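Peer 1: A single structure is presented below for examination.
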Amino acid sequence: MALPHRSLALPRLPLTLRAALSLLALAAACRRGPDARDSGPGAVRIGVITAITGTQAAFGQAHQRGYALALEEINAQGGVLGRPMSLDTYDDQSKPDIALQGASKLVDQDHVPVVLGSYSSESSLALVPTMTRKQVPLVMPTATADNVMEQKSAWVFRLCAGSGDYAAAMVGFLKSHGAPRTLAIIHEDTNFGQSNAAAMRKAATASGMMIVDEESYGAGSPSYSPMLQRVKAKGPEILYFASYLLDATTLMRQSRQVDINPRFFTAAGTGFSAAEFPTDDKGAGKDAEYTIAASQWVPQVKWPGSKEFDEKFVAKYGVHPGYHAVQAYAALKVTAEAINQAKVAEPAAIRDSLRRVHLESAFGPIHFAENGQNPHPVVITQVQKGKHVVVWPEDIAVALVLDTPPWSAR
Amino acid sequence: MGAILQAILTGLLTGGLYALIGMGLALVFGVMRVVNFAHGAFLMAGMYVAYFVATGLHVSPYAGFLLVMLVLFVLGLMTYALLIKHVMSASHSMQILLTAGVSYVLIGLAQLVFGADYRQLNLPIASQNDSIAGLTFNRAYVVSFLIAAGVSTTLYLVVARTEIGRAMRAVAQNRAVAGLMGIRVERVSAIAFAIGIACAGIGGALLLPVFYTYPTVGEPFQIRSFVIVVLGGMGSIEGAAVGGVLLGVAEGLTAYLWSDSYSQVVNFALFLLVLLVRPSGLFGRSAA
């Protein structure tokens, strides 16, 4: 159907108004965040993709803060290859298709030699084939879904532990804490949730536990109570969540409403491990208390530099960092180290250097195995008095596990 | 059985909010024949206004919604006078482009001014539950529902019983003839548009105690509003009220009986089914 040509122009809008609207739209299109604009021509530009806007913005902010601290330190120590380092940040808006656009923009237009990102497993998975085709190394700080490593790309490196590690650690913890027999899995329905649910299904079944219910949900809904009622009716001893932050908050509030009382509320890190989760203004507040999560890092771990990282972070941002921030921090540190060892900021040289690099970081020792995976240990934390404290494994635990009281007794 | 009743109850309480939001879109479409793609963005604006009224003035959204209503009403009047008025006689695609543009500008402004980070209130009432006859009532949801029901009823009475309501219905029936009969069509349209926007804003304010806000929070509600308006018969506000409640119950029941992930699938299945079988909506009369 052909539209009359006349109708395609904005009729009768005053010119000034049209100009003002275009300006507004233009201003809105400019994203916030550290970028490369203030760097000199000699700077080494590194590509970063993360979720600055959208539902995962809290994690994107943690990334940005971690990157910013690492960048400060790297540049204070002389940068890389004797030149300052700068970040070229692209916002994936918490969406995988936008992450892909970011990869094209950063590699084809800005010619960065290495890209760090993205935040979510969904966005990171989308990047793997593209970065492999473009032959530029991709360093993943936080994507836990194990399928991001399954394509066996020579260009992909992952710092964090994956969904299989989370499930194994949680099953290990549960075995030493009453060996429960029944479990329900509740997961958000994108790559992160699906992958962590599949990993837990496998690990729990292998250890003799029975999965009595498995629920998938869409993040960003105001009401999960009908789903939680279903779970309650199945009477599982343990709940295992794979959730981002906003849904984790709603889920715990409505667990109180539905009055579901498992022996433990457990989770695959992420929302339940976020620094914001136990707070009132950004998370579930007191409803987060007693929840247990597989986690990658807490400020109290023994690795050299983690205490200093925590102190610097608190001094700069006024809050303690969650593991997402330190992963971004360490990812940039190890990338800088690799570039220095490569002696040239070229994709293939950086890739070869990433394969060899060893770094003692605040996030623990980093060395990528043959498949690009950094073997990273998982700890189990519990929210106690508004803080994430390590409760397992025993050799590094700082507190005993507290029993979860029923909602009526809280 | 009790659990199914509980799922229906939960759906009813959310549905009350959907109803109010949907009625706003239905009013705008009914009176002006403009499909407002910025409805969700105005809902987001309402949530931010409610948030700042709560944190800045220490007025809970349960009273603050009145202020939100005023602010959004004025915002609606301004949007009408500056933009919508100029495309009233243009094609539908033109109007859709314009309202979609308004939506992008609002979302972009929110990102610039407030940042992408989400905000929530975490009022104590959101964690308070009452148990009556084996059913659990979350107080925040109940209060939001009651206010939404009150506002919806008021809106219905305004449209059905008052002079301005009669004028709106006249404009909805036939714009040209209404003008000839001495109705100030432009003024009536402006008021209808502003009331529609205010409904979205109040809906946002009432959602805030049980939800959170961020610049793109309105997107799913935009889509739900379309489903509601189609369910209720394009442009009928009573129909939209029933459509909203039905949608809430359908979501609750789907999540309970099947899976939360499928509740959106059921929404769209309903949407398509109604369009196929009863294009005039469940409660609409066939288009004249």
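Each chain in the structure tokens gets a letter, A, B and so on, in the order shown; residues start at 1 in every chain, and ligands are counted from 1 in the order they appear.
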Mind listing as a short mmCIF file (atom, residue, chain, number, x, y, z; two decimals) with N, CA and C atoms, in the first residue's frame which residues of chain B are within 6 Å of chain A, counting only C-alpha atoms?
Peer 2:
```cif
data_model
loop_
_atom_site.label_atom_id
_atom_site.label_comp_id
_atom_site.auth_asym_id
_atom_site.auth_seq_id
_atom_site.Cartn_x
_atom_site.Cartn_y
_atom_site.Cartn_z
N ALA B 7 -4.52 -18.13 43.04
CA ALA B 7 -3.95 -17.66 41.76
C ALA B 7 -4.91 -16.68 41.08
N VAL B 105 11.61 9.78 23.08
CA VAL B 105 12.12 10.99 23.73
C VAL B 105 11.97 10.88 25.25
N GLY B 108 14.46 8.34 26.53
CA GLY B 108 15.80 8.90 26.44
C GLY B 108 16.05 9.96 27.50
N LEU B 109 15.04 10.80 27.72
CA LEU B 109 15.17 11.84 28.75
C LEU B 109 15.35 11.20 30.12
N ALA B 116 20.29 4.92 34.01
CA ALA B 116 19.62 3.67 33.65
C ALA B 116 19.31 2.82 34.87
N ASP B 117 19.91 3.19 36.00
CA ASP B 117 19.75 2.40 37.21
C ASP B 117 18.28 2.35 37.62
N PHE B 211 6.76 -2.88 42.78
CA PHE B 211 7.60 -3.10 41.61
C PHE B 211 8.80 -2.17 41.73
N GLY B 252 -2.25 -14.91 35.83
CA GLY B 252 -2.11 -15.62 37.10
C GLY B 252 -2.38 -17.11 36.94
N ALA B 255 0.35 -18.89 34.93
CA ALA B 255 1.55 -19.11 35.74
C ALA B 255 1.32 -20.24 36.74
N TYR B 256 0.12 -20.33 37.30
CA TYR B 256 -0.12 -21.37 38.29
C TYR B 256 -0.31 -22.74 37.64
N ASP B 260 5.09 -19.69 34.35
CA ASP B 260 5.14 -18.24 34.25
C ASP B 260 5.65 -17.78 32.88
N SER B 261 6.60 -18.53 32.34
CA SER B 261 7.18 -18.15 31.04
C SER B 261 6.14 -18.12 29.94
#
```
Peer 1: Among stretch 164-251 of chain A, which ones does DSSP place in strand (DSSP E or B), written as a count of residues only?
Peer 2: 20
Peer 1: Report as JSON, numbers by chain all protein, DNA and RNA residues lying within 10 Å of A:Val389, evaluated on only C-alpha atoms, omitting residues in the same chain fewer than 4 positions from it.
Peer 2: {"A": [292, 298, 299, 300, 379, 380, 381, 382, 383, 384, 385, 397, 398, 399, 400, 401]}
Peer 1: Any chance you could export the current selection's C-alpha atoms as an mmCIF file, in the first residue's frame?
Peer 2:
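Output below, filename part.cif:
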```
data_model
loop_
_atom_site.group_PDB
_atom_site.id
_atom_site.type_symbol
_atom_site.label_atom_id
_atom_site.label_comp_id
_atom_site.auth_asym_id
_atom_site.auth_seq_id
_atom_site.Cartn_x
_atom_site.Cartn_y
_atom_site.Cartn_z
ATOM 1 C CA ILE A 292 22.400 -18.902 50.265
ATOM 2 C CA VAL A 298 33.596 -11.735 48.518
ATOM 3 C CA PRO A 299 35.840 -8.937 49.841
ATOM 4 C CA GLN A 300 37.123 -11.186 52.680
ATOM 5 C CA VAL A 379 32.399 -20.298 47.404
ATOM 6 C CA ILE A 380 29.016 -20.560 49.103
ATOM 7 C CA THR A 381 27.796 -17.440 50.880
ATOM 8 C CA GLN A 382 24.810 -16.687 53.075
ATOM 9 C CA VAL A 383 23.179 -13.339 53.770
ATOM 10 C CA GLN A 384 23.642 -12.778 57.503
ATOM 11 C CA LYS A 385 22.676 -9.426 59.047
ATOM 12 C CA ALA A 397 34.323 -20.221 55.918
ATOM 13 C CA VAL A 398 34.064 -17.240 58.240
ATOM 14 C CA ALA A 399 30.677 -18.103 59.748
ATOM 15 C CA LEU A 400 28.411 -21.064 60.418
ATOM 16 C CA VAL A 401 25.308 -21.591 58.322
#
```
Peer 1: Fewer than 3 positions away in the same chain doesn't count, so skip those; otherwise give me all residues within 10 Å of A:Pro321, counting only C-alpha atoms, as number ranges by chain.
Peer 2: A: 62, 65-66, 274-276, 297-299, 309-314, 317-318, 324-326
Peer 1: May I ask which of the residues B:Met234, B:Met168, B:Ala54, B:Arg278 is the closest one to B:Ala190, counting only C-alpha atoms?
Peer 2: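 Counting only C-alpha atoms, the residue closest to B:Ala190 is B:Met168.
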Peer 1: Which residues are near B:Thr254? Cut-off 8 Å, only C-alpha atoms, ignore same chain within fewer than 6 positions. Put them as a list in words.
Peer 2: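 Here the answer would be Asp260, Tyr262, Ser263 and Val266 of chain B.
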Peer 1: Have a look at atom CA of B:Asn129 and atom CA of A:Leu251 and let me know their distance in Å, one decimal.
Peer 2: 14.9 Å
Peer 1: Report the residues of stretch 78-286 of chain B whose backbone DSSP state falls under helix (DSSP H, G or I), written as an MDAnalysis selection string.
Peer 2: chainID B and resid 78:82 84:87 92:114 124:127 139:161 163:173 175:180 185:210 219:231 237:257 260:277
Peer 1: Write the residues you've just listed into a file as a compact mmCIF listing (two decimals), in the first residue's frame, and include C-alpha atoms for each of them.
Peer 2:
```
# COMPACT_ATOMS: atom_id res chain seq x y z
CA MET B 78 1.17 19.84 26.68
CA THR B 79 1.87 16.80 24.52
CA TYR B 80 -1.50 17.23 22.87
CA ALA B 81 -1.12 20.94 22.20
CA LEU B 82 2.48 20.72 20.98
CA ILE B 84 -0.72 15.33 18.78
CA LYS B 85 -3.02 18.17 17.63
CA HIS B 86 -0.97 18.52 14.46
CA VAL B 87 -1.44 14.94 13.33
CA HIS B 92 -2.65 6.44 11.21
CA SER B 93 0.94 5.60 10.31
CA MET B 94 1.86 9.25 10.85
CA GLN B 95 0.23 9.25 14.27
CA ILE B 96 1.94 6.02 15.24
CA LEU B 97 5.33 7.41 14.18
CA LEU B 98 4.75 10.54 16.22
CA THR B 99 3.63 8.78 19.42
CA ALA B 100 6.47 6.25 19.06
CA GLY B 101 8.80 9.24 18.77
CA VAL B 102 7.33 10.76 21.94
CA SER B 103 7.97 7.43 23.65
CA TYR B 104 11.64 7.40 22.59
CA VAL B 105 12.12 10.99 23.73
CA LEU B 106 10.58 10.28 27.16
CA ILE B 107 12.65 7.12 27.65
CA GLY B 108 15.80 8.90 26.44
CA LEU B 109 15.17 11.84 28.75
CA ALA B 110 14.65 9.50 31.69
CA GLN B 111 17.96 7.82 30.88
CA LEU B 112 19.74 11.16 30.69
CA VAL B 113 18.22 12.66 33.80
CA PHE B 114 17.80 9.66 36.12
CA PRO B 124 7.04 -1.90 54.75
CA ILE B 125 3.49 -2.49 53.47
CA ALA B 126 4.90 -4.49 50.53
CA SER B 127 5.97 -7.21 53.01
CA ARG B 139 -1.57 -5.30 51.63
CA ALA B 140 0.33 -3.27 49.04
CA TYR B 141 -1.50 -5.05 46.22
CA VAL B 142 -4.87 -4.70 47.96
CA VAL B 143 -4.49 -0.95 48.57
CA SER B 144 -3.27 -0.38 44.99
CA PHE B 145 -6.20 -2.40 43.69
CA LEU B 146 -8.75 -0.45 45.74
CA ILE B 147 -7.40 2.90 44.59
CA ALA B 148 -7.25 1.70 40.98
CA ALA B 149 -10.85 0.50 41.23
CA GLY B 150 -11.89 3.85 42.69
CA VAL B 151 -10.15 5.82 39.96
CA SER B 152 -11.56 3.53 37.24
CA THR B 153 -15.10 3.93 38.58
CA THR B 154 -14.68 7.70 38.73
CA LEU B 155 -13.43 7.70 35.15
CA TYR B 156 -16.41 5.62 34.07
CA LEU B 157 -18.83 7.99 35.82
CA VAL B 158 -17.14 11.02 34.27
CA VAL B 159 -17.51 9.56 30.80
CA ALA B 160 -21.03 8.22 31.33
CA ARG B 161 -22.64 10.95 33.42
CA GLU B 163 -21.24 17.03 30.38
CA ILE B 164 -17.59 16.66 29.34
CA GLY B 165 -18.10 12.89 29.22
CA ARG B 166 -21.08 13.33 26.95
CA ALA B 167 -18.97 15.59 24.75
CA MET B 168 -16.25 12.92 24.61
CA ARG B 169 -18.75 10.28 23.59
CA ALA B 170 -20.12 12.60 20.93
CA VAL B 171 -16.65 13.23 19.53
CA ALA B 172 -15.97 9.48 19.64
CA GLN B 173 -19.14 8.80 17.63
CA ARG B 175 -15.95 14.07 15.10
CA ALA B 176 -17.33 16.20 12.29
CA VAL B 177 -20.94 16.17 13.44
CA ALA B 178 -19.92 16.79 17.05
CA GLY B 179 -18.14 19.91 15.84
CA LEU B 180 -21.21 21.04 13.94
CA VAL B 185 -13.73 19.13 19.50
CA GLU B 186 -10.13 20.22 20.04
CA ARG B 187 -10.68 21.01 23.69
CA VAL B 188 -12.53 17.76 24.30
CA SER B 189 -9.76 15.82 22.55
CA ALA B 190 -7.09 17.56 24.63
CA ILE B 191 -8.90 16.68 27.85
CA ALA B 192 -9.50 13.08 26.78
CA PHE B 193 -5.83 12.68 25.87
CA ALA B 194 -4.69 14.20 29.15
CA ILE B 195 -7.04 11.97 31.16
CA GLY B 196 -5.73 8.93 29.29
CA ILE B 197 -2.14 9.88 30.12
CA ALA B 198 -3.08 10.55 33.74
CA CYS B 199 -4.53 7.00 33.95
CA ALA B 200 -1.20 5.56 32.78
CA GLY B 201 0.59 7.73 35.35
CA ILE B 202 -1.67 6.69 38.23
CA GLY B 203 -1.24 3.06 37.17
CA GLY B 204 2.52 3.57 37.37
CA ALA B 205 2.30 5.25 40.78
CA LEU B 206 0.21 2.35 42.15
CA LEU B 207 2.59 -0.25 40.71
CA LEU B 208 5.64 1.37 42.29
CA PRO B 209 5.14 -0.03 45.84
CA VAL B 210 5.17 -3.61 44.49
CA GLU B 219 7.47 -1.58 27.49
CA PRO B 220 5.65 -4.69 28.73
CA PHE B 221 2.75 -2.54 29.93
CA GLN B 222 2.50 -0.88 26.53
CA ILE B 223 2.01 -4.30 24.97
CA ARG B 224 -0.42 -5.40 27.67
CA SER B 225 -2.44 -2.21 27.10
CA PHE B 226 -2.83 -3.07 23.42
CA VAL B 227 -4.05 -6.54 24.31
CA ILE B 228 -6.50 -5.07 26.82
CA VAL B 229 -7.91 -2.53 24.37
CA VAL B 230 -8.41 -5.21 21.73
CA LEU B 231 -9.97 -7.60 24.26
CA ILE B 237 -13.50 1.94 28.39
CA GLU B 238 -15.85 -0.47 30.21
CA GLY B 239 -14.58 -3.17 27.89
CA ALA B 240 -10.99 -2.22 28.69
CA ALA B 241 -11.71 -2.47 32.41
CA VAL B 242 -13.03 -6.01 32.01
CA GLY B 243 -10.23 -6.80 29.55
CA GLY B 244 -7.59 -5.69 32.07
CA VAL B 245 -8.99 -7.84 34.85
CA LEU B 246 -9.32 -10.81 32.46
CA LEU B 247 -5.72 -10.39 31.36
CA GLY B 248 -4.52 -10.31 34.97
CA VAL B 249 -6.47 -13.47 35.81
CA ALA B 250 -5.27 -15.19 32.62
CA GLU B 251 -1.66 -14.40 33.53
CA GLY B 252 -2.11 -15.62 37.10
CA LEU B 253 -3.82 -18.84 36.06
CA THR B 254 -1.31 -19.56 33.30
CA ALA B 255 1.55 -19.11 35.74
CA TYR B 256 -0.12 -21.37 38.29
CA LEU B 257 -1.44 -24.09 35.99
CA ASP B 260 5.14 -18.24 34.25
CA SER B 261 7.18 -18.15 31.04
CA TYR B 262 4.06 -18.98 29.07
CA SER B 263 1.90 -16.18 30.46
CA GLN B 264 3.04 -13.82 27.70
CA VAL B 265 2.35 -16.52 25.12
CA VAL B 266 -1.18 -16.85 26.45
CA ASN B 267 -1.58 -13.06 26.30
CA PHE B 268 -0.78 -12.98 22.63
CA ALA B 269 -2.76 -16.10 21.87
CA LEU B 270 -5.79 -14.36 23.43
CA PHE B 271 -5.00 -11.23 21.42
CA LEU B 272 -4.82 -13.11 18.12
CA LEU B 273 -7.84 -15.23 18.90
CA VAL B 274 -10.00 -12.20 19.63
CA LEU B 275 -8.79 -10.44 16.50
CA LEU B 276 -9.61 -13.52 14.43
CA VAL B 277 -12.93 -14.50 15.96
```
Peer 1: Name all residues at most 8 Å from stretch 361-363 of chain A (count only C-alpha atoms; drop same-chain ones fewer than 5 positions away) and give them as a list of chain:residue names.
Peer 2: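 Contacts, with the query itself left out: A:Trp297, A:Trp303, A:Pro304, A:Gly305, A:Ser306, A:Lys307, A:Phe309, A:Val326, A:Gln327, A:Ala330, A:Lys333.
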Peer 1: Atom CA of A:Gln64 and atom CA of A:Met85, how far apart in Å?
Peer 2: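 Taking atom CA of A:Met85 as the start and atom CA of A:Gln64 as the end point, the length is 15.1 Å.
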Peer 1: So, with only C-alpha atoms as the atoms that count, which of B:Gly56, B:Gly46, B:Gly2, B:Gly235 lies closest to B:Met23?
Peer 2: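 The shortest atom-to-atom distance to B:Met23 comes from B:Gly235.
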Peer 1: One number please: atom CA of A:Ser273 to atom CA of A:Thr291, in Å, one decimal.
Peer 2: 9.4 Å
